[in-house]
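Written out below as structure tokens is the structure these notes cover.
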Amino acid sequence: MALNLDYFDKDLLICNTCRCGFCRDECPWYMARKVESASPKGVMEVIQAYREGVVKPSQQLLDRISWCFGCRYCKERCPPSNLPEKFNARVDPGGAVKVLRYELRKKGYTMGKSAETVNNNVKKTGNPFGVAKKERAKWAEGLDLKKKGKRIFFASCMNPLMGYGETILKISDSLEKFGMTMERLSKLTGILEAVKLDRVSAKLLKGTSKNNEKYINSLRNSAKVLKKLGIEFGYLGEDEPCCGSSFYTYGDFDSFESNAREVYKNLKERGVEEIITLNPICGGVFKNYYPEFIPGFDIKVKHFVEVVAEEVDRQGIELKLDNEMDIAWHDPCYLARYMGVTKEVRTLLRSIKGLNLREPEATGNLTRCDGGGGPEIICPDIAKGVAEYRVKELMDTGASVIATSCPACVMMLEIGKAKNYPDVSIFDISDIISMAL
Ligand code: SF4
Ligand code: SF4
């Protein structure tokens with residue numbers, strides 16, 4: 001259980017002995033800051049120094065580590081150690097960063113107004129945006145989904161409401177014209193207050209409902225595809241809980257643990273044995289973090305694409321697009337590295353007639369973060385830069401559209417395309433499958 005830094009004893013020993021730095025240059029945090037301590041290699045040295053009492057706990061230290069995107073590139077890139085067998089493991093600097101965030105928060109330091117507000121929103125309303133529960137269940141209206149089942153479709157609280165996040169990030173430039181930077185806005189009011197602006201400043205935030213539509217359509221497409229394939233599932237609607245990913249990301253492990261226990265109890269009481277989700281953040285959290293806090297966690301978790309790939313193959317279904325498309329695929333960090341799903345995507349996309357798959361340089365389990373993962377609300381300008389870099393890399397493949405499957409990635413790619421590729425469409429894989437089925 002990663003509740004304290006002792007859990008990372010072995011990682012710290014390996015990394016601070018090895019010091020190879022193979023993970024450093026492509027780390028988005030390091031690419032943005034170009035400072036050794038803001039890199040996986042450097043932060044492991046900082047954490048060791050912190051444990052030895054050389055680096056003291058401080059707000060400055062927490063501010064510095066709040067920019068790690070948690071993308072797990074470092075863990076994936078970390079070479080197998082040449083140390084004895086018992087030390088032969090992939091080092092996880094991003095994981096250690098989250099534990100250090102937890103330790104520093106326990107000492108009274110803060111991840112900042114935006115992150116704390118997001119966590120408070122989850123506690124109060126069950127979603128990071130502070131929006132009423134009924135809002136998040138609206139996407140399923142008219143789809144006639146069963147309310148329960150051993151297998152459930154977990155819509156997540158991000159997909160139905162991500163338009164709020166997208167709008168806030170998009171208007172940060174407009175706000176700057178009024179001398180209100182996103183950072184200042186976050187510090188002053190927090191993200192919930194920014195959302196409330198929707199009601200008083202229709203002009204600034206007029207894109208919100210339009211932005212939400214895109215995410216909602218992807219959810220509706222997923223449910224329709226699953227039904228068309230004959231897959232039985234239920235949807236809990238307003239009773240669907242929040243997986244609590246933000247608690248873990250922003251270092252509030254105590255809230256994460258109590259929420260996870262509550263969610264597990266709730267799902268077990270409803271007889272849930274399997275979760276299918278379109279959101280790999282929730283999927284990755286269920287698969288990776290729930291077992292850390294709930295020994296014996298026994299609910300199977302699959303991403304939509306795994307289920308569809310399996311079923312399309314089993315039924316021998318032919319997929320075809322009416323109009324040919326050159327698609328660059330962006331592997332979300334959570335799908336590729338937290339859920340371990342990369343092959344299924346390729347099998348599925350390559351089987352679609354009329355679809356030409358373009359692979360960017362950083363792909364598969366060595367994919368590149370697009371600026372989501374938590375810091376986008378803490379340092380939006382940095383996250384935007386990371387997103388712009390990734391969009392360019394995807395467009396350099398010669399593709400005409402981009403596809404991915406994660407609401408945070410769709411949001412960041414939308415942000416990243418705005419400057420140089422405003423007309424490029426960003427699809428969720430559920431949209432593509434829906435077109436081809
Ligand atoms: S998790 Fe990602 S952002 Fe954080 S240190 Fe590792 S590579 Fe860098
Ligand atoms: S995390 Fe792994 S790859 Fe990175 S510096 Fe440490 S040992 Fe090398």
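Identifiers in this document derive from the order of the structure tokens: chains are assigned A, B, ..., residues are numbered from 1 separately in each chain, and ligands are numbered from 1 in order of occurrence.
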- Task: Could you report the residues within 10 Å of ligand 1, using only C-alpha atoms and all ligand atoms, as a PyMOL selection string?
- Result: chain A and resi 23-32+37-44+65-78+91-98+333+368-369+371+373+375
- Residue contacts of A:Arg314 (12 Å, only C-alpha atoms) excluding same-chain residues fewer than 5 positions away, as an MDAnalysis selection string: chainID A and resid 229:230 307:309
- Message: Give me, as number ranges by chain, the residues of stretch 86-163 of chain A that a backbone DSSP run labels alpha helix (DSSP H).
- Response: A: 93-106, 113-125, 133-137, 162-163
Near A:Phe297, within 10 Å and counting only C-alpha atoms, which residues show up once chain neighbours fewer than 5 positions away are dropped, as a JSON list (two decimals) with N, CA and C atoms, in the first residue's frame?
```
[["chain", "number", "residue", "atom", "x", "y", "z"],
["A", 261, "ARG", "N", -13.64, 2.59, -0.45],
["A", 261, "ARG", "CA", -14.34, 1.57, 0.34],
["A", 261, "ARG", "C", -15.85, 1.68, 0.13],
["A", 264, "TYR", "N", -16.77, 0.50, -3.43],
["A", 264, "TYR", "CA", -16.69, -0.96, -3.55],
["A", 264, "TYR", "C", -17.91, -1.61, -2.88],
["A", 286, "PHE", "N", -9.44, 2.09, -10.90],
["A", 286, "PHE", "CA", -10.01, 0.84, -10.36],
["A", 286, "PHE", "C", -8.98, -0.29, -10.41],
["A", 287, "LYS", "N", -8.26, -0.38, -11.51],
["A", 287, "LYS", "CA", -7.34, -1.51, -11.68],
["A", 287, "LYS", "C", -6.07, -1.38, -10.84],
["A", 290, "TYR", "N", -7.41, 0.84, -6.49],
["A", 290, "TYR", "CA", -8.37, 0.20, -5.58],
["A", 290, "TYR", "C", -7.75, -1.01, -4.88],
["A", 291, "PRO", "N", -7.03, -1.88, -5.61],
["A", 291, "PRO", "CA", -6.45, -3.04, -4.91],
["A", 291, "PRO", "C", -5.42, -2.64, -3.85],
["A", 292, "GLU", "N", -4.84, -1.43, -3.98],
["A", 292, "GLU", "CA", -3.89, -0.96, -2.95],
["A", 292, "GLU", "C", -4.59, -0.73, -1.62]]
```
- Query: Which residues come within 8 Å of A:Ser245, counting only C-alpha atoms, excluding same-chain residues fewer than 6 positions away, as a PyMOL selection string?
  - Reply: chain A and resi 256+281-282+285
- Can you tell me, as a ChimeraX atom specification, what residues are no more than 9 Å from A:Glu166 when counting only C-alpha atoms, ignoring any on the same chain fewer than 5 positions away? /A:171,207-208,211-212,408,411-412,414-415
The selected residues should be written to file as a compact mmCIF listing (two decimals), in the first residue's frame (atoms: N, CA, C and O atoms).
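Okay, part-v8.txt is ready:
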```txt
# COMPACT_ATOMS: atom_id res chain seq x y z
N ILE A 171 -11.16 29.50 -22.25
CA ILE A 171 -11.37 30.94 -22.05
C ILE A 171 -10.25 31.57 -21.23
O ILE A 171 -10.26 32.76 -20.99
N GLY A 207 -19.55 28.44 -25.08
CA GLY A 207 -19.26 27.15 -25.69
C GLY A 207 -19.50 25.95 -24.80
O GLY A 207 -19.40 24.82 -25.26
N THR A 208 -19.82 26.16 -23.53
CA THR A 208 -19.86 25.03 -22.59
C THR A 208 -20.81 23.91 -23.02
O THR A 208 -20.40 22.76 -23.13
N ASN A 211 -19.59 22.25 -26.04
CA ASN A 211 -18.45 21.39 -25.74
C ASN A 211 -18.89 20.10 -25.06
O ASN A 211 -18.34 19.04 -25.32
N ASN A 212 -19.86 20.19 -24.18
CA ASN A 212 -20.35 18.98 -23.50
C ASN A 212 -20.94 17.98 -24.49
O ASN A 212 -20.80 16.78 -24.33
N ALA A 408 -10.16 13.33 -20.77
CA ALA A 408 -9.14 14.35 -20.48
C ALA A 408 -8.26 14.56 -21.71
O ALA A 408 -7.84 15.69 -22.00
N MET A 411 -10.14 16.59 -24.28
CA MET A 411 -10.12 18.00 -23.86
C MET A 411 -8.77 18.64 -24.17
O MET A 411 -8.70 19.71 -24.77
N MET A 412 -7.68 17.95 -23.81
CA MET A 412 -6.36 18.56 -24.00
C MET A 412 -6.02 18.67 -25.49
O MET A 412 -5.38 19.64 -25.91
N GLU A 414 -8.16 19.10 -27.87
CA GLU A 414 -8.97 20.24 -28.36
C GLU A 414 -8.25 21.56 -28.03
O GLU A 414 -8.23 22.48 -28.84
N ILE A 415 -7.69 21.62 -26.83
CA ILE A 415 -6.95 22.83 -26.43
C ILE A 415 -5.69 22.96 -27.29
O ILE A 415 -5.36 24.02 -27.79
```
- Message: Please determine, counting only C-alpha atoms, which residue among A:Leu61, A:Val46, A:Ala436, A:Ala418 has the shortest atom-to-atom distance to A:Gly385.
- Response: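 The answer is A:Ala418, which sits nearest to A:Gly385.
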- Message: Report as a PyMOL selection string all protein, DNA and RNA residues lying within 10 Å of stretch 390-401 of chain A, evaluated on only C-alpha atoms, omitting residues in the same chain fewer than 4 positions from it.
- Response: chain A and resi 325-330+356-363+367-371+384-386+412-418+420-421+423-427
- Query: Which neighbours of A:Asp313 fall inside 12 Å, counting only C-alpha atoms, when residues of the same chain fewer than 6 positions from it are skipped, and could you give them as a PyMOL selection string?
  - Reply: chain A and resi 229+306-307+319+344+347-348+351-352
Save out the residues we just selected, all heavy atoms, as a compact mmCIF listing (two decimals), in the first residue's frame.
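Produced file part22.txt, reproduced below:
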```
# COMPACT_ATOMS: atom_id res chain seq x y z
N LEU A 229 -23.80 -4.79 -30.42
CA LEU A 229 -22.99 -6.01 -30.38
C LEU A 229 -23.62 -7.08 -29.50
O LEU A 229 -23.08 -8.17 -29.33
CB LEU A 229 -21.57 -5.70 -29.88
CG LEU A 229 -20.70 -4.88 -30.83
CD1 LEU A 229 -19.41 -4.47 -30.14
CD2 LEU A 229 -20.39 -5.66 -32.10
N GLU A 306 -11.51 -2.81 -25.36
CA GLU A 306 -11.17 -4.23 -25.16
C GLU A 306 -12.39 -5.10 -25.44
O GLU A 306 -12.30 -6.14 -26.10
CB GLU A 306 -10.75 -4.48 -23.70
CG GLU A 306 -9.45 -3.87 -23.29
CD GLU A 306 -9.17 -4.16 -21.82
OE1 GLU A 306 -8.58 -5.21 -21.52
OE2 GLU A 306 -9.58 -3.34 -20.97
N VAL A 307 -13.52 -4.65 -24.92
CA VAL A 307 -14.76 -5.42 -25.07
C VAL A 307 -15.18 -5.46 -26.53
O VAL A 307 -15.54 -6.53 -27.07
CB VAL A 307 -15.88 -4.76 -24.21
CG1 VAL A 307 -17.20 -5.48 -24.37
CG2 VAL A 307 -15.47 -4.70 -22.76
N LEU A 319 -16.14 -4.17 -40.29
CA LEU A 319 -16.29 -2.73 -39.99
C LEU A 319 -15.83 -1.95 -41.22
O LEU A 319 -14.81 -2.26 -41.83
CB LEU A 319 -15.45 -2.35 -38.78
CG LEU A 319 -15.80 -3.04 -37.46
CD1 LEU A 319 -14.76 -2.73 -36.39
CD2 LEU A 319 -17.18 -2.60 -36.97
N GLU A 344 -5.21 -4.03 -28.62
CA GLU A 344 -6.62 -4.16 -28.99
C GLU A 344 -7.06 -2.99 -29.89
O GLU A 344 -7.85 -3.17 -30.81
CB GLU A 344 -7.50 -4.18 -27.73
CG GLU A 344 -7.28 -5.35 -26.81
CD GLU A 344 -6.11 -5.16 -25.83
OE1 GLU A 344 -5.29 -4.24 -26.04
OE2 GLU A 344 -6.01 -5.93 -24.87
N THR A 347 -5.67 -3.64 -33.40
CA THR A 347 -6.41 -4.73 -34.05
C THR A 347 -7.74 -4.20 -34.57
O THR A 347 -8.12 -4.45 -35.72
CB THR A 347 -6.68 -5.87 -33.03
OG1 THR A 347 -5.44 -6.20 -32.42
CG2 THR A 347 -7.27 -7.09 -33.68
N LEU A 348 -8.40 -3.43 -33.72
CA LEU A 348 -9.72 -2.92 -34.08
C LEU A 348 -9.64 -1.89 -35.21
O LEU A 348 -10.33 -2.01 -36.23
CB LEU A 348 -10.34 -2.29 -32.82
CG LEU A 348 -11.83 -2.07 -32.80
CD1 LEU A 348 -12.60 -3.35 -33.09
CD2 LEU A 348 -12.25 -1.51 -31.44
N SER A 351 -8.71 -3.19 -38.58
CA SER A 351 -9.72 -4.05 -39.21
C SER A 351 -10.81 -3.23 -39.93
O SER A 351 -11.65 -3.77 -40.62
CB SER A 351 -10.38 -4.96 -38.16
OG SER A 351 -11.30 -4.20 -37.38
N ILE A 352 -10.78 -1.90 -39.74
CA ILE A 352 -11.84 -1.07 -40.34
C ILE A 352 -11.46 -0.70 -41.76
O ILE A 352 -10.45 -0.03 -42.00
CB ILE A 352 -12.08 0.21 -39.51
CG1 ILE A 352 -12.48 -0.15 -38.07
CG2 ILE A 352 -13.13 1.09 -40.16
CD1 ILE A 352 -12.64 1.05 -37.15
```
